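Below: start31.pdb (PDB, C-alpha atoms, pLDDT in the B column)
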```
MODEL        1
ATOM      1  CA  MET N   1     152.010  80.222 182.996  1.00 59.00           C
ATOM      2  CA  ASN N   2     153.931  79.461 179.794  1.00 80.00           C
ATOM      3  CA  TYR N   3     157.682  79.161 180.003  1.00 86.00           C
ATOM      4  CA  ILE N   4     158.283  82.574 178.389  1.00 91.00           C
ATOM      5  CA  ASP N   5     156.375  84.228 181.243  1.00 91.00           C
ATOM      6  CA  LYS N   6     158.187  82.059 183.782  1.00 90.00           C
ATOM      7  CA  LEU N   7     161.530  82.944 182.274  1.00 93.00           C
ATOM      8  CA  ALA N   8     160.707  86.656 182.150  1.00 95.00           C
ATOM      9  CA  SER N   9     159.455  86.570 185.740  1.00 94.00           C
ATOM     10  CA  SER N  10     162.794  85.149 186.905  1.00 94.00           C
ATOM     11  CA  LEU N  11     164.933  87.502 184.813  1.00 97.00           C
ATOM     12  CA  ILE N  12     163.007  90.641 185.805  1.00 96.00           C
ATOM     13  CA  LYS N  13     164.325  90.159 189.336  1.00 93.00           C
ATOM     14  CA  GLY N  14     167.879  90.150 188.031  1.00 94.00           C
ATOM     15  CA  PRO N  15     170.335  88.041 186.035  1.00 96.00           C
ATOM     16  CA  ILE N  16     170.291  84.299 186.591  1.00 96.00           C
ATOM     17  CA  SER N  17     173.020  81.724 186.138  1.00 96.00           C
ATOM     18  CA  ILE N  18     173.236  79.724 182.949  1.00 95.00           C
ATOM     19  CA  ILE N  19     172.506  76.640 185.044  1.00 95.00           C
ATOM     20  CA  GLN N  20     169.246  78.182 186.308  1.00 95.00           C
ATOM     21  CA  PHE N  21     168.401  79.367 182.798  1.00 95.00           C
ATOM     22  CA  ASN N  22     168.970  75.926 181.294  1.00 94.00           C
ATOM     23  CA  ASN N  23     166.932  74.305 184.053  1.00 94.00           C
ATOM     24  CA  ILE N  24     163.936  76.506 183.247  1.00 93.00           C
ATOM     25  CA  LEU N  25     164.195  75.594 179.573  1.00 93.00           C
ATOM     26  CA  SER N  26     164.805  71.883 180.307  1.00 92.00           C
ATOM     27  CA  ASN N  27     161.661  71.643 182.419  1.00 90.00           C
ATOM     28  CA  SER N  28     159.459  73.502 179.933  1.00 89.00           C
ATOM     29  CA  ASN N  29     157.354  72.572 176.928  1.00 89.00           C
ATOM     30  CA  ARG N  30     159.679  74.034 174.310  1.00 90.00           C
ATOM     31  CA  PHE N  31     159.932  73.951 170.514  1.00 89.00           C
ATOM     32  CA  PHE N  32     163.439  72.442 170.193  1.00 93.00           C
ATOM     33  CA  ASP N  33     165.001  69.602 172.184  1.00 93.00           C
ATOM     34  CA  ASN N  34     168.363  71.316 171.757  1.00 94.00           C
ATOM     35  CA  LEU N  35     168.682  74.114 174.343  1.00 93.00           C
ATOM     36  CA  ASP N  36     171.020  76.226 172.205  1.00 93.00           C
ATOM     37  CA  LEU N  37     168.503  76.192 169.366  1.00 96.00           C
ATOM     38  CA  GLU N  38     165.754  77.157 171.807  1.00 94.00           C
ATOM     39  CA  LYS N  39     167.821  80.120 172.994  1.00 94.00           C
ATOM     40  CA  GLU N  40     168.280  81.244 169.389  1.00 95.00           C
ATOM     41  CA  LEU N  41     164.532  80.893 168.847  1.00 95.00           C
ATOM     42  CA  LEU N  42     163.834  83.128 171.844  1.00 96.00           C
ATOM     43  CA  ILE N  43     166.177  85.798 170.529  1.00 96.00           C
ATOM     44  CA  SER N  44     164.899  85.572 166.939  1.00 96.00           C
ATOM     45  CA  ASN N  45     161.330  86.037 168.233  1.00 97.00           C
ATOM     46  CA  GLY N  46     162.265  89.265 169.998  1.00 98.00           C
ATOM     47  CA  PHE N  47     162.851  88.149 173.590  1.00 98.00           C
ATOM     48  CA  PRO N  48     165.398  90.734 174.862  1.00 98.00           C
ATOM     49  CA  LEU N  49     167.864  88.165 176.112  1.00 97.00           C
ATOM     50  CA  TYR N  50     171.591  88.590 176.641  1.00 96.00           C
ATOM     51  CA  ILE N  51     173.715  85.586 177.555  1.00 95.00           C
ATOM     52  CA  ASN N  52     177.385  85.253 178.388  1.00 92.00           C
ATOM     53  CA  GLU N  53     179.316  82.197 179.560  1.00 89.00           C
ATOM     54  CA  LYS N  54     177.976  82.374 183.109  1.00 94.00           C
ATOM     55  CA  MET N  55     174.815  84.482 183.264  1.00 96.00           C
ATOM     56  CA  ALA N  56     171.590  85.278 181.432  1.00 96.00           C
ATOM     57  CA  TYR N  57     170.170  88.810 181.464  1.00 97.00           C
ATOM     58  CA  LEU N  58     166.916  90.453 180.434  1.00 98.00           C
ATOM     59  CA  LYS N  59     167.932  93.672 178.671  1.00 97.00           C
ATOM     60  CA  THR N  60     164.751  95.480 179.718  1.00 98.00           C
ATOM     61  CA  SER N  61     165.518  94.858 183.402  1.00 97.00           C
ATOM     62  CA  THR N  62     168.827  96.723 183.110  1.00 95.00           C
ATOM     63  CA  ASN N  63     168.026  99.343 180.442  1.00 97.00           C
ATOM     64  CA  LEU N  64     167.068 102.714 181.848  1.00 97.00           C
ATOM     65  CA  ILE N  65     164.164 104.391 180.036  1.00 97.00           C
ATOM     66  CA  GLN N  66     166.547 106.759 178.232  1.00 96.00           C
ATOM     67  CA  ASP N  67     168.604 103.799 176.964  1.00 97.00           C
ATOM     68  CA  GLN N  68     165.664 101.756 175.685  1.00 98.00           C
ATOM     69  CA  VAL N  69     164.626 101.622 172.047  1.00 98.00           C
ATOM     70  CA  PHE N  70     160.839 101.849 171.873  1.00 98.00           C
ATOM     71  CA  CYS N  71     159.157 100.548 168.724  1.00 98.00           C
ATOM     72  CA  ILE N  72     155.788 102.302 168.479  1.00 98.00           C
ATOM     73  CA  VAL N  73     153.436 100.256 166.313  1.00 98.00           C
ATOM     74  CA  ASP N  74     149.989 100.707 164.820  1.00 98.00           C
ATOM     75  CA  ILE N  75     148.123  98.459 162.414  1.00 98.00           C
ATOM     76  CA  GLU N  76     144.985  98.536 160.298  1.00 98.00           C
ATOM     77  CA  THR N  77     143.194  95.266 159.616  1.00 97.00           C
ATOM     78  CA  THR N  78     140.090  93.944 157.872  1.00 96.00           C
ATOM     79  CA  ALA N  79     138.844  92.232 161.063  1.00 95.00           C
ATOM     80  CA  GLU N  80     139.725  91.992 164.740  1.00 93.00           C
ATOM     81  CA  ASP N  81     140.596  88.296 164.448  1.00 92.00           C
ATOM     82  CA  PRO N  82     143.528  87.329 162.154  1.00 91.00           C
ATOM     83  CA  ASP N  83     141.726  84.058 161.366  1.00 91.00           C
ATOM     84  CA  LYS N  84     138.862  86.090 159.873  1.00 91.00           C
ATOM     85  CA  GLY N  85     140.768  88.987 158.348  1.00 92.00           C
ATOM     86  CA  GLN N  86     144.238  90.251 157.666  1.00 95.00           C
ATOM     87  CA  LEU N  87     146.663  93.095 158.086  1.00 97.00           C
ATOM     88  CA  ILE N  88     146.255  95.865 155.485  1.00 98.00           C
ATOM     89  CA  GLU N  89     148.625  98.504 156.866  1.00 98.00           C
ATOM     90  CA  ILE N  90     151.406  98.719 159.411  1.00 98.00           C
ATOM     91  CA  GLY N  91     153.334 101.705 160.697  1.00 98.00           C
ATOM     92  CA  ALA N  92     156.209 101.526 163.166  1.00 98.00           C
ATOM     93  CA  ILE N  93     158.627 104.114 164.539  1.00 98.00           C
ATOM     94  CA  LYS N  94     161.801 103.458 166.530  1.00 98.00           C
ATOM     95  CA  TYR N  95     162.280 106.005 169.295  1.00 98.00           C
ATOM     96  CA  LYS N  96     164.985 106.456 171.927  1.00 97.00           C
ATOM     97  CA  ASN N  97     165.497 109.248 174.445  1.00 96.00           C
ATOM     98  CA  GLY N  98     163.569 111.869 172.477  1.00 95.00           C
ATOM     99  CA  VAL N  99     164.982 110.922 169.079  1.00 97.00           C
ATOM    100  CA  ILE N 100     163.297 109.079 166.196  1.00 97.00           C
ATOM    101  CA  LEU N 101     165.820 106.521 164.961  1.00 98.00           C
ATOM    102  CA  ASP N 102     164.009 104.813 162.100  1.00 98.00           C
ATOM    103  CA  HIS N 103     160.594 103.980 160.731  1.00 98.00           C
ATOM    104  CA  TYR N 104     158.757 101.290 158.795  1.00 98.00           C
ATOM    105  CA  HIS N 105     155.517 101.691 156.870  1.00 98.00           C
ATOM    106  CA  SER N 106     153.708  99.526 154.352  1.00 98.00           C
ATOM    107  CA  LEU N 107     150.296  98.835 152.934  1.00 98.00           C
ATOM    108  CA  VAL N 108     149.516  95.151 152.419  1.00 98.00           C
ATOM    109  CA  ASN N 109     147.952  93.516 149.376  1.00 97.00           C
ATOM    110  CA  ALA N 110     144.345  92.439 149.954  1.00 93.00           C
ATOM    111  CA  HIS N 111     141.607  91.587 147.472  1.00 86.00           C
ATOM    112  CA  THR N 112     138.612  92.886 149.391  1.00 89.00           C
ATOM    113  CA  ILE N 113     138.101  95.515 152.079  1.00 94.00           C
ATOM    114  CA  PRO N 114     134.911  95.540 154.166  1.00 95.00           C
ATOM    115  CA  LEU N 115     132.952  98.738 153.598  1.00 95.00           C
ATOM    116  CA  LYS N 116     133.104  99.740 157.273  1.00 95.00           C
ATOM    117  CA  ILE N 117     136.922  99.410 157.232  1.00 96.00           C
ATOM    118  CA  GLU N 118     137.160 101.462 154.043  1.00 95.00           C
ATOM    119  CA  GLU N 119     134.970 104.158 155.570  1.00 95.00           C
ATOM    120  CA  LEU N 120     136.991 104.162 158.801  1.00 94.00           C
ATOM    121  CA  THR N 121     140.489 104.170 157.306  1.00 95.00           C
ATOM    122  CA  GLY N 122     140.044 105.475 153.782  1.00 95.00           C
ATOM    123  CA  ILE N 123     141.964 102.433 152.532  1.00 96.00           C
ATOM    124  CA  ASN N 124     140.378 100.781 149.497  1.00 94.00           C
ATOM    125  CA  SER N 125     141.185  97.779 147.308  1.00 93.00           C
ATOM    126  CA  THR N 126     142.656  99.927 144.537  1.00 94.00           C
ATOM    127  CA  MET N 127     145.251 101.337 146.958  1.00 95.00           C
ATOM    128  CA  LEU N 128     146.353  97.800 147.836  1.00 96.00           C
ATOM    129  CA  GLU N 129     146.600  96.317 144.343  1.00 94.00           C
ATOM    130  CA  ASN N 130     150.340  96.927 144.018  1.00 94.00           C
ATOM    131  CA  ALA N 131     151.189  96.625 147.713  1.00 97.00           C
ATOM    132  CA  PRO N 132     153.522  93.804 148.830  1.00 98.00           C
ATOM    133  CA  ASN N 133     151.962  90.558 150.014  1.00 97.00           C
ATOM    134  CA  ILE N 134     151.422  89.890 153.689  1.00 96.00           C
ATOM    135  CA  GLN N 135     154.264  87.371 154.008  1.00 97.00           C
ATOM    136  CA  THR N 136     156.770  89.930 152.736  1.00 98.00           C
ATOM    137  CA  VAL N 137     155.484  92.677 155.040  1.00 98.00           C
ATOM    138  CA  LEU N 138     155.518  90.440 158.106  1.00 98.00           C
ATOM    139  CA  GLU N 139     159.067  89.302 157.350  1.00 98.00           C
ATOM    140  CA  GLU N 140     160.249  92.893 156.882  1.00 98.00           C
ATOM    141  CA  PHE N 141     158.541  94.099 160.036  1.00 98.00           C
ATOM    142  CA  LYS N 142     159.937  91.308 162.194  1.00 98.00           C
ATOM    143  CA  ILE N 143     163.463  92.151 161.038  1.00 97.00           C
ATOM    144  CA  PHE N 144     162.768  95.839 161.722  1.00 98.00           C
ATOM    145  CA  LEU N 145     161.359  95.198 165.210  1.00 98.00           C
ATOM    146  CA  GLU N 146     164.318  93.153 166.500  1.00 98.00           C
ATOM    147  CA  ASP N 147     164.075  92.850 170.302  1.00 98.00           C
ATOM    148  CA  ASP N 148     162.853  96.404 170.922  1.00 98.00           C
ATOM    149  CA  LEU N 149     160.077  97.197 173.367  1.00 98.00           C
ATOM    150  CA  PHE N 150     156.791  96.822 171.474  1.00 98.00           C
ATOM    151  CA  VAL N 151     154.594  99.862 172.193  1.00 98.00           C
ATOM    152  CA  ALA N 152     151.041 100.504 171.015  1.00 98.00           C
ATOM    153  CA  HIS N 153     147.886 102.315 172.030  1.00 97.00           C
ATOM    154  CA  ASN N 154     145.858  99.269 173.109  1.00 96.00           C
ATOM    155  CA  VAL N 155     148.881  97.012 172.770  1.00 98.00           C
ATOM    156  CA  LYS N 156     146.962  93.787 173.351  1.00 97.00           C
ATOM    157  CA  PHE N 157     145.234  94.062 169.975  1.00 97.00           C
ATOM    158  CA  ASP N 158     148.258  95.028 167.845  1.00 98.00           C
ATOM    159  CA  TYR N 159     150.632  92.602 169.586  1.00 98.00           C
ATOM    160  CA  ASN N 160     148.299  89.602 169.533  1.00 97.00           C
ATOM    161  CA  PHE N 161     147.153  90.204 165.954  1.00 98.00           C
ATOM    162  CA  LEU N 162     150.727  90.398 164.687  1.00 98.00           C
ATOM    163  CA  SER N 163     151.926  87.452 166.772  1.00 97.00           C
ATOM    164  CA  LYS N 164     149.099  85.242 165.469  1.00 97.00           C
ATOM    165  CA  SER N 165     149.805  86.466 161.938  1.00 97.00           C
ATOM    166  CA  PHE N 166     153.460  85.475 162.311  1.00 97.00           C
ATOM    167  CA  GLU N 167     152.375  82.002 163.417  1.00 96.00           C
ATOM    168  CA  LYS N 168     149.910  81.727 160.539  1.00 95.00           C
ATOM    169  CA  TYR N 169     152.719  82.381 158.038  1.00 95.00           C
ATOM    170  CA  ASN N 170     155.308  80.207 159.836  1.00 96.00           C
ATOM    171  CA  LEU N 171     157.343  83.161 161.057  1.00 96.00           C
ATOM    172  CA  GLY N 172     157.437  82.265 164.740  1.00 95.00           C
ATOM    173  CA  LYS N 173     155.746  84.421 167.383  1.00 94.00           C
ATOM    174  CA  LEU N 174     156.266  87.709 169.184  1.00 97.00           C
ATOM    175  CA  TYR N 175     158.224  87.374 172.418  1.00 97.00           C
ATOM    176  CA  ASN N 176     159.112  91.072 172.720  1.00 98.00           C
ATOM    177  CA  ARG N 177     158.348  92.821 175.968  1.00 98.00           C
ATOM    178  CA  LYS N 178     155.398  95.164 175.472  1.00 98.00           C
ATOM    179  CA  LEU N 179     153.920  98.422 176.770  1.00 98.00           C
ATOM    180  CA  CYS N 180     150.405  99.838 176.399  1.00 98.00           C
ATOM    181  CA  THR N 181     150.228 103.633 176.148  1.00 98.00           C
ATOM    182  CA  ILE N 182     146.557 103.622 177.191  1.00 98.00           C
ATOM    183  CA  GLU N 183     147.451 101.992 180.500  1.00 98.00           C
ATOM    184  CA  LEU N 184     150.609 104.092 180.875  1.00 98.00           C
ATOM    185  CA  ALA N 185     148.719 107.333 180.214  1.00 97.00           C
ATOM    186  CA  LYS N 186     146.018 106.438 182.759  1.00 97.00           C
ATOM    187  CA  ARG N 187     148.702 106.221 185.423  1.00 97.00           C
ATOM    188  CA  SER N 188     150.778 109.199 184.277  1.00 96.00           C
ATOM    189  CA  PHE N 189     148.270 112.012 183.732  1.00 95.00           C
ATOM    190  CA  TYR N 190     144.554 112.619 184.122  1.00 95.00           C
ATOM    191  CA  ALA N 191     142.226 112.858 181.131  1.00 95.00           C
ATOM    192  CA  LYS N 192     138.493 112.289 180.823  1.00 95.00           C
ATOM    193  CA  ARG N 193     139.125 109.560 178.257  1.00 96.00           C
ATOM    194  CA  TYR N 194     142.181 107.786 176.913  1.00 97.00           C
ATOM    195  CA  GLY N 195     141.201 106.794 173.399  1.00 96.00           C
ATOM    196  CA  LEU N 196     143.625 107.988 170.742  1.00 96.00           C
ATOM    197  CA  ASP N 197     141.228 110.439 169.083  1.00 94.00           C
ATOM    198  CA  TYR N 198     140.410 112.121 172.404  1.00 95.00           C
ATOM    199  CA  LEU N 199     144.046 112.324 173.540  1.00 96.00           C
ATOM    200  CA  LYS N 200     145.073 113.892 170.231  1.00 95.00           C
ATOM    201  CA  GLU N 201     142.669 116.746 170.983  1.00 94.00           C
ATOM    202  CA  PHE N 202     143.494 116.844 174.709  1.00 95.00           C
ATOM    203  CA  LEU N 203     147.264 117.015 174.089  1.00 95.00           C
ATOM    204  CA  ASN N 204     147.007 119.298 171.035  1.00 94.00           C
ATOM    205  CA  ILE N 205     148.571 116.717 168.760  1.00 94.00           C
ATOM    206  CA  ASN N 206     148.601 118.254 165.301  1.00 88.00           C
ATOM    207  CA  GLN N 207     147.877 115.134 163.273  1.00 85.00           C
ATOM    208  CA  PRO N 208     144.610 115.475 161.318  1.00 83.00           C
ATOM    209  CA  VAL N 209     144.840 112.010 159.738  1.00 84.00           C
ATOM    210  CA  GLN N 210     142.935 109.393 161.741  1.00 84.00           C
ATOM    211  CA  HIS N 211     142.874 105.605 161.619  1.00 90.00           C
ATOM    212  CA  ARG N 212     145.954 105.252 159.446  1.00 95.00           C
ATOM    213  CA  ALA N 213     148.785 103.213 160.849  1.00 97.00           C
ATOM    214  CA  PHE N 214     151.824 105.455 160.493  1.00 96.00           C
ATOM    215  CA  GLU N 215     150.036 108.658 161.498  1.00 96.00           C
ATOM    216  CA  ASP N 216     148.527 106.975 164.570  1.00 97.00           C
ATOM    217  CA  ALA N 217     151.979 105.678 165.536  1.00 97.00           C
ATOM    218  CA  GLU N 218     153.286 109.248 165.299  1.00 96.00           C
ATOM    219  CA  SER N 219     150.490 110.447 167.602  1.00 96.00           C
ATOM    220  CA  THR N 220     151.250 107.662 170.059  1.00 97.00           C
ATOM    221  CA  ILE N 221     154.829 108.937 170.412  1.00 97.00           C
ATOM    222  CA  THR N 222     153.493 112.217 171.827  1.00 97.00           C
ATOM    223  CA  ILE N 223     151.394 110.303 174.365  1.00 97.00           C
ATOM    224  CA  LEU N 224     154.441 108.251 175.327  1.00 98.00           C
ATOM    225  CA  GLU N 225     156.548 111.395 175.723  1.00 97.00           C
ATOM    226  CA  LYS N 226     153.879 113.076 177.866  1.00 96.00           C
ATOM    227  CA  SER N 227     153.762 110.010 180.119  1.00 97.00           C
ATOM    228  CA  LEU N 228     157.522 109.622 180.455  1.00 96.00           C
ATOM    229  CA  LYS N 229     157.937 113.252 181.557  1.00 93.00           C
ATOM    230  CA  ASN N 230     156.023 112.406 184.725  1.00 88.00           C
ATOM    231  CA  LEU N 231     158.144 109.390 185.660  1.00 93.00           C
ATOM    232  CA  PRO N 232     161.497 108.988 187.430  1.00 92.00           C
ATOM    233  CA  LYS N 233     164.571 108.958 185.197  1.00 87.00           C
ATOM    234  CA  GLU N 234     165.878 106.059 187.278  1.00 93.00           C
ATOM    235  CA  PHE N 235     163.127 103.782 185.988  1.00 96.00           C
ATOM    236  CA  THR N 236     164.281 100.748 184.072  1.00 97.00           C
ATOM    237  CA  THR N 237     162.143  99.526 181.195  1.00 98.00           C
ATOM    238  CA  GLU N 238     160.735  96.788 183.433  1.00 98.00           C
ATOM    239  CA  ASN N 239     159.916  99.416 186.089  1.00 97.00           C
ATOM    240  CA  LEU N 240     158.010 101.250 183.363  1.00 98.00           C
ATOM    241  CA  ILE N 241     156.085  98.150 182.283  1.00 98.00           C
ATOM    242  CA  ASP N 242     155.209  97.341 185.897  1.00 97.00           C
ATOM    243  CA  PHE N 243     154.116 100.934 186.538  1.00 98.00           C
ATOM    244  CA  SER N 244     151.814 100.854 183.495  1.00 98.00           C
ATOM    245  CA  ILE N 245     150.075  97.754 184.873  1.00 97.00           C
ATOM    246  CA  ASN N 246     150.083  98.181 188.643  1.00 97.00           C
ATOM    247  CA  ALA N 247     150.320 101.879 189.587  1.00 97.00           C
ATOM    248  CA  ASP N 248     147.220 103.759 190.716  1.00 96.00           C
ATOM    249  CA  ILE N 249     145.174 105.383 187.976  1.00 95.00           C
ATOM    250  CA  LYS N 250     145.308 109.189 188.065  1.00 92.00           C
ATOM    251  CA  GLU N 251     142.290 110.992 189.486  1.00 88.00           C
ATOM    252  CA  ASN N 252     141.028 114.470 188.602  1.00 79.00           C
ATOM    253  CA  ASN N 253     141.947 115.851 192.031  1.00 59.00           C
ATOM    254  CA  GLU N 254     145.610 114.950 191.455  1.00 53.00           C
ATOM    255  CA  LEU N 255     146.021 117.687 188.810  1.00 45.00           C
TER     256      LEU N 255
ENDMDL
END
```
Would you kindly transcribe this structure into structure tokens?
Amino acid sequence: MNYIDKLASSLIKGPISIIQFNNILSNSNRFFDNLDLEKELLISNGFPLYINEKMAYLKTSTNLIQDQVFCIVDIETTAEDPDKGQLIEIGAIKYKNGVILDHYHSLVNAHTIPLKIEELTGINSTMLENAPNIQTVLEEFKIFLEDDLFVAHNVKFDYNFLSKSFEKYNLGKLYNRKLCTIELAKRSFYAKRYGLDYLKEFLNINQPVQHRAFEDAESTITILEKSLKNLPKEFTTENLIDFSINADIKENNEL
């Protein structure tokens, strides 16, 4: 267990004293020797940390669902591994309690696009000629994301790809708390399949564009909304994350 997981595990249970917090950092393999700098690094990398003179809090353990800002993210890439390919499009939408607060969308400059990616997304090299470079897009997105809850349909891919891309360009990592709408949907309502294309049809999502980042992020909001309607209003964000991982998967006979 890395120290971020250890720290999150402690804070999910409730606030901890600054002494406890500093002890966890002191006994961990951290980036900075200086604890104050390490705290700033955590916050700058999206860990939803709040600290006062006496206590340290995890915002997602106290935020109710309706108070949480969700950042719904989708990306298009030239390969599944950031060491073999790169980001070519990112779409992100900030959402809170039924309201869209803001959005970010950008294509990313790339010299070549594999034919199968061009056929899947419709993105070609000509479209990317005047797009900003990847460093610029990653910097802009990280500022946009802040410490919001990172949400994606198959979050492991989007989160890990972006986090490794940040590292590759010396922009830190992603320490945001995260939520997968595939896993959340499986535990919130029954469907034969939970891929994005199937759920768009199943939920009558009127978004004909497929495999483009911003449009897929828009579709994911509807899946998130459908899931949240079936959950208690008293859920905190951490309750929601735990539910998406550990609750029983819905069966057909539960309809």
task = Please write as a ChimeraX atom specification the full residue list that the PyMOL selection byres ((chain N and resi 70) around 6) yields on this file.
result = /N:69,71,94-95,148-149
ask   = At most 9 Å from (161.4, 102.4, 182.4), file frame, only C-alpha atoms: which residues, as a ChimeraX atom specification?
value = /N:60-61,63-66,68,228,231-243
key: Å distance separating CA of Cys180 (chain N) from CA of Ala217 (chain N), one decimal place   = 12.4 Å
For region 164-213 of chain N versus region 73-81 of chain N, which residues have an atom no more than 8 Å away, and what is each residue's nearest atom pair and distance in Å rounded to one decimal, using all atoms listed in the file, chain-then-number order, as a Markdown table?
```
| residue | atom | partner | partner_atom | distance |
| --- | --- | --- | --- | --- |
| N:His211 | CA | N:Glu76 | CA | 7.5 |
| N:Arg212 | CA | N:Glu76 | CA | 6.8 |
| N:Ala213 | CA | N:Asp74 | CA | 4.8 |
```
Name every residue that the PyMOL selection byres ((chain N and resi 146) around 8) selects in this structure, writing the answer as a CSV table (one decimal) with C-alpha atoms, in the frame of the given file with chains first and numbers rising.
```csv
chain,number,residue,atom,x,y,z
N,44,SER,CA,164.9,85.6,166.9
N,45,ASN,CA,161.3,86.0,168.2
N,46,GLY,CA,162.3,89.3,170.0
N,142,LYS,CA,159.9,91.3,162.2
N,143,ILE,CA,163.5,92.2,161.0
N,144,PHE,CA,162.8,95.8,161.7
N,145,LEU,CA,161.4,95.2,165.2
N,147,ASP,CA,164.1,92.8,170.3
N,148,ASP,CA,162.9,96.4,170.9
```
Proximity to Arg193 (chain N) - best of N:Leu42, N:Gly98, N:Lys250, N:Asn124, all atoms listed in the file =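 Among the listed residues, N:Lys250 lies closest to Arg193 (chain N).
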task = Just give me the gap between CA of Ile134 (chain N) and CA of Leu87 (chain N) in Å, one decimal is fine.
result =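 Computing the Euclidean distance for CA of Ile134 (chain N) and CA of Leu87 (chain N) yields 7.2 Å.
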key: Separation of CA of Asn29 (chain N) from CA of Lys156 (chain N), in Å and rounded to one decimal   = 23.9 Å
inquiry  = Restricting the calculation to all atoms listed in the file: of N:Tyr3, N:Tyr198, N:Phe141, N:Phe150, which residue gets closest to Glu38 (chain N)?
reply    =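 That would be N:Tyr3, the residue with the smallest distance to Glu38 (chain N).
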ask   = If the PyMOL selection byres ((chain N and resi 5-21) around 9) is run on the structure shown, which residues does it catch, given as a list in words?
value = Met1, Asn2, Tyr3, Ile4, Asn22, Asn23, Ile24, Leu25, Ser26, Phe47, Ile51, Asn52, Glu53, Lys54, Met55, Ala56, Tyr57, Leu58, Thr60, Ser61, Thr62 and Glu238 of chain N
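Nearest-residue note for Lys168 (chain N): choosing from N:Ile249, N:Leu138, N:Ile72, N:Ile117, the minimum distance belongs to N:Leu138, counting only C-alpha atoms.
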Take every atom of region 134-144 of chain N listed in the file, pad by 8 Å on each side, and give me the axis-aligned box centre and edge lengths in Å, one decimal, as AutoDock Vina command-line options.
```
--center_x 157.4 --center_y 91.6 --center_z 157.5 --size_x 28.0 --size_y 24.5 --size_z 25.5
```
What's around Met127 (chain N) at 10 Å? Count all atoms listed in the file, leave out sequence neighbours fewer than 5 positions away in its own chain, and write the answer as a PDB file with C-alpha atoms, in the coordinates of the input.
```pdb
ATOM      1  CA  LEU N 107     150.296  98.835 152.934  1.00 98.00           C
ATOM      2  CA  VAL N 108     149.516  95.151 152.419  1.00 98.00           C
ATOM      3  CA  ASN N 109     147.952  93.516 149.376  1.00 97.00           C
ATOM      4  CA  ALA N 110     144.345  92.439 149.954  1.00 93.00           C
ATOM      5  CA  GLY N 122     140.044 105.475 153.782  1.00 95.00           C
TER       6      GLY N 122
END
```
note = Nearest to Asn176 (chain N), restricted to all atoms listed in the file and choosing among N:Ser188, N:Ser227, N:Ser125, N:Ser163, comes out as N:Ser163
task = Could you check which of N:Ala247, N:Ile43, N:Ala185, N:Leu162 is closest to Leu203 (chain N), using all atoms listed in the file?
result = N:Ala185
Which residue of N:Thr181, N:Asp83, N:Asp248, N:Arg30 approaches Asn160 (chain N) most closely, using all atoms listed in the file =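 Closest residue, counting all atoms listed in the file: N:Asp83.
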